[in-house]
Every structure is written in C-alpha cells, then in structure tokens.
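Undergrad: Mind looking over this structure? Questions follow.
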Amino acid sequence: MGRRYDAYAARIDPWMAVLALVFLVVWSARIIFFHSLPSGLGATMLVVQWWIWLVFLADIVIRTVISSRSWRYLWTHPLDVIAVAIPAARPLKLLTAFTQGAAFSSARGRMKTMQAVIISVVLLLWIGSVAVLAAEREDTDSAINTFGDALWWAIVTVTTVGYGDLAPVSVTGRVIAVVMMLVGIALIGVVTASVAAWFVSRTTGEDERQQELQDEGRHDELTERIARLEAKIDALAGSEPQSTREDDGTGARGT
C-alpha cells in the first residue's frame with residue numbers, strides 16, 4: 001500500500017482496535033440492557049457510538065487517499081469497508097490473519113491463525129447474538145426475547161446444527177442469520193484446513209526423520225563395507241611380494 005500507508009497504519013491501528021472494542025461494549029450494553037438503562041445514559045451511549053463511527057469513516061477515507069493504489073484499496077480490503085457499514089463487526093478484522101498467503105506455511109503461522117479463528121468465532125457469536133436480539137426483541141411473533149436465547153441461537157446457527165427451536169422471523173433477523181451461517185461455514189473450513197495442515201506437517205516431518213535414519217544406516221553400512229574391502233586389499237597387497245619371490249626362485253631352479 002506504500003510507505004505513507006504503512007506508517008499511518010502502524011501508528012493508528014492500535015487506537016482503532018481500542019475504539020472498536022469500546023464501540024462493541026457500548027453497542028452491546030445499550031441493546032442488552034435497553035429496558036433497564038436510564039434514558040439519559042442510553043442517549044449518551046448512542047452519541048458515543050456515532051462519534052466512533054465518524055472516526056471509522058474518517059479512517060477509511062484517509063487510508064484510501066494515502067494508499068498507493070487509491071480506490072483499489074476499497075476493493076482489496078473488504079473488511080475495512082464492512083467495518084464502516086457495520087461498526088460492530090470491526091473486531092472481526094482479526095480474520096485477516098488467515099487471508100495472508102503464508103498463514104499455513106509455518107507452525108507459528110498456523111498457531112496465529114488458530115488464535116485468530118477462535119477469537120473471531122467468539123466475537124461473531126457475540127455480535128450475532130446482540131444483533132439478532134435487537135432485530136427480534138420487539139417482534140411479538142419471535143421467540144428470541146432475551147440475550148440468553150439469542151446466544152443459544154447464534155451458537156446453533158454458526159455451527160450449522162440448526163435445531164429449529166429458535167428462529168428469527170423479521171427480515172433483518174433472517175439476513176443476520178444468513179450472514180452468520182455463511183461466515184460459520186467459512187470458519188469451519190479454516191479450522192479444518194489448519195488441522196489438516198498440522199497433520200500433514202507432522203506426517204511429513206516423521207517421514208523425513210525416518211528417511212534420515214535410513215540414510216544414516218545405509219551410510220554406516222557402506223562405510224563398514226568399504227573398511228572391510230580396504231582391509232582385504234591391504235592383506236592382498238602385503239602377500240603379493242612374497243608370492244612373487246617364490247615364483248622367481250622356482251623359475252630360476254627350473255632354468
């Protein structure tokens with residue numbers, strides 16, 4: 001993205017992460033405790049959300065301007081765009097840990113990927129629970145009326161189990177369900193790929209160690225054979241002059 005972008009990202013990313021967590025906490029508390037919050041506190045929390053959203057918007061505009069690829073930045077960084085459209089989803093930028101090409105190329109990379117996936121799953125469950133609660137709580141036909149119900153529904157949906165005991169009835173709730181199902185399938189695929197890569201690396205390493213042991217055994221065997229051959233050659237070389245002298249003596253007597 002260019003030197004200016006890299007310097008800006010290194011300086012701003014930690015602060016953006018903190019703001020993302022603050023937004024998530026404020027947004028969640030305002031929805032979960034909606035009926036028990038004082039009206040003044042609820043309004044203040046809503047203002048905080050709007051100010052943080054404006055910071056996110058300014059951040060993506062600055063990144064787009066200073067990026068060496070300009071508007072191409074928006075296309076190559078979809079999570080940043082989603083984070084502005086849906087600020088509560090900004091912590092899911094952790095998913096970029098396994099969009100890198102070398103994510104599975106080393107044990108350290110696989111470990112970071114698994115950590116990112118676990119944290120992302122937790123965040124996804126939390127965000128989905130709060131979002132579907134906000135969409136379904138006021139619908140009289142919906143059975144999702146508490147955060148506990150919403151969390152249970154989110155777990156069942158992300159894991160693609162789908163018991164059917166709880167289901168969103170509003171359009172917004174169903175859109176959230178579709179997104180969570182798709183992201184859940186993607187996360188399961190990443191976990192499967194990571195575990196498979198770990199097993200392949202372990203199997204490959206074991207095969208390589210066995211091959212090294214076999215090569216060492218063959219090397220020792222060849223060394224031993226060469227030593228025996230050299231000993232035989234030395235023995236033959238030592239006995240050859242004596243045989244030659246006996247032949248010469250016999251030949252002289254015959255003459």
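Letters A, B, ... mark the chains of the structure tokens in the order given; residue numbers begin at 1 per chain; ligand numbers begin at 1, in order shown.
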Report as a tab-separated table: every residue of region 118-201 of chain A with an atom at most 9 Å from region 30-36 of chain A, its closest pair of atoms, and their distance in Å to one decimal, counting only C-alpha atoms, with rows sorted by chain and ascending residue number.
TA:
```
residue	atom	partner	partner_atom	distance
A:Val130	CA	A:Ile31	CA	6.9
A:Ala131	CA	A:Ile31	CA	8.4
A:Leu133	CA	A:Ile31	CA	7.7
A:Ala134	CA	A:Ile31	CA	6.3
A:Thr146	CA	A:Ile32	CA	8.0
A:Phe147	CA	A:Ile32	CA	6.5
```
Undergrad: Restricted to N, CA, C and O atoms, what would the selected residues look like written as a PDB file, in the first residue's frame?
TA:
```
ATOM      1  N   VAL A 130     -26.197 -10.186  19.813  1.00  0.00           N
ATOM      2  CA  VAL A 130     -26.709  -8.848  20.108  1.00  0.00           C
ATOM      3  C   VAL A 130     -27.518  -8.309  18.935  1.00  0.00           C
ATOM      4  O   VAL A 130     -28.593  -7.695  19.114  1.00  0.00           O
ATOM      5  N   ALA A 131     -27.032  -8.541  17.721  1.00  0.00           N
ATOM      6  CA  ALA A 131     -27.728  -8.015  16.540  1.00  0.00           C
ATOM      7  C   ALA A 131     -29.098  -8.658  16.363  1.00  0.00           C
ATOM      8  O   ALA A 131     -30.089  -7.968  16.080  1.00  0.00           O
ATOM      9  N   LEU A 133     -30.867 -10.059  18.673  1.00  0.00           N
ATOM     10  CA  LEU A 133     -31.723  -9.625  19.785  1.00  0.00           C
ATOM     11  C   LEU A 133     -32.327  -8.263  19.480  1.00  0.00           C
ATOM     12  O   LEU A 133     -33.523  -8.030  19.734  1.00  0.00           O
ATOM     13  N   ALA A 134     -31.528  -7.349  18.932  1.00  0.00           N
ATOM     14  CA  ALA A 134     -32.040  -6.022  18.578  1.00  0.00           C
ATOM     15  C   ALA A 134     -33.114  -6.109  17.504  1.00  0.00           C
ATOM     16  O   ALA A 134     -34.079  -5.325  17.509  1.00  0.00           O
ATOM     17  N   THR A 146     -34.592 -12.698  24.835  1.00  0.00           N
ATOM     18  CA  THR A 146     -33.545 -12.437  25.820  1.00  0.00           C
ATOM     19  C   THR A 146     -32.186 -12.691  25.199  1.00  0.00           C
ATOM     20  O   THR A 146     -32.072 -13.371  24.160  1.00  0.00           O
ATOM     21  N   PHE A 147     -31.148 -12.167  25.855  1.00  0.00           N
ATOM     22  CA  PHE A 147     -29.794 -12.369  25.331  1.00  0.00           C
ATOM     23  C   PHE A 147     -29.391 -13.840  25.399  1.00  0.00           C
ATOM     24  O   PHE A 147     -28.669 -14.329  24.529  1.00  0.00           O
TER      25      PHE A 147
END
```
Undergrad: For the atom pair CA of Val158 (chain A) and CA of Met181 (chain A), what is the interatomic distance in Å to one decimal place?
TA: 5.3 Å
Undergrad: Please, what distance in Å, to one decimal, runs between CA of Leu21 (chain A) and CA of Ala88 (chain A)?
TA: 8.5 Å
Undergrad: Which of these, A:Thr160, A:Trp51, A:Asp141, A:Gly184, has the shortest distance to Val122 (chain A) once you count only C-alpha atoms?
TA: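 Ranking A:Thr160, A:Trp51, A:Asp141, A:Gly184 by distance to Val122 (chain A), first place goes to A:Gly184.
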Undergrad: Using DSSP on the backbone coordinates, identify the residues of region 55-90 of chain A assigned to alpha helix (DSSP H); present them as a tab-separated table (two decimals) with C-alpha atoms, in the first residue's frame.
TA:
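File written: part_27.tsv
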```
chain	number	residue	atom	x	y	z
A	55	VAL	CA	-13.77	8.18	13.35
A	56	PHE	CA	-14.02	4.88	11.46
A	57	LEU	CA	-15.34	6.71	8.41
A	58	ALA	CA	-12.54	9.29	8.53
A	59	ASP	CA	-10.02	6.47	8.95
A	60	ILE	CA	-11.07	4.63	5.81
A	61	VAL	CA	-11.14	7.88	3.80
A	62	ILE	CA	-7.57	8.68	4.90
A	63	ARG	CA	-6.41	5.16	4.10
A	64	THR	CA	-7.97	5.36	0.66
A	65	VAL	CA	-6.31	8.72	-0.09
A	66	ILE	CA	-2.79	7.85	1.10
A	72	ARG	CA	-8.33	-0.12	-5.35
A	73	TYR	CA	-7.80	-0.17	-1.59
A	74	LEU	CA	-11.55	-0.43	-1.00
A	75	TRP	CA	-11.77	-3.50	-3.23
A	76	THR	CA	-8.79	-5.27	-1.67
A	78	PRO	CA	-13.48	-5.57	2.18
A	79	LEU	CA	-13.35	-5.99	5.97
A	80	ASP	CA	-12.48	-2.31	6.37
A	81	VAL	CA	-15.49	-1.36	4.25
A	82	ILE	CA	-17.75	-3.72	6.23
A	83	ALA	CA	-16.38	-2.23	9.46
A	84	VAL	CA	-17.66	1.19	8.39
A	85	ALA	CA	-21.02	-0.10	7.18
```
Undergrad: Measuring between only C-alpha atoms, which one of A:Ala89, A:Leu229, A:Val169, A:Ala43 shows the shortest distance to Ala17 (chain A)?
TA: A:Ala89
Undergrad: When you count only C-alpha atoms, which of these residues is closest to Ser68 (chain A): A:Ala193, A:Ile144, A:Leu41, A:Tyr5?
TA: A:Tyr5
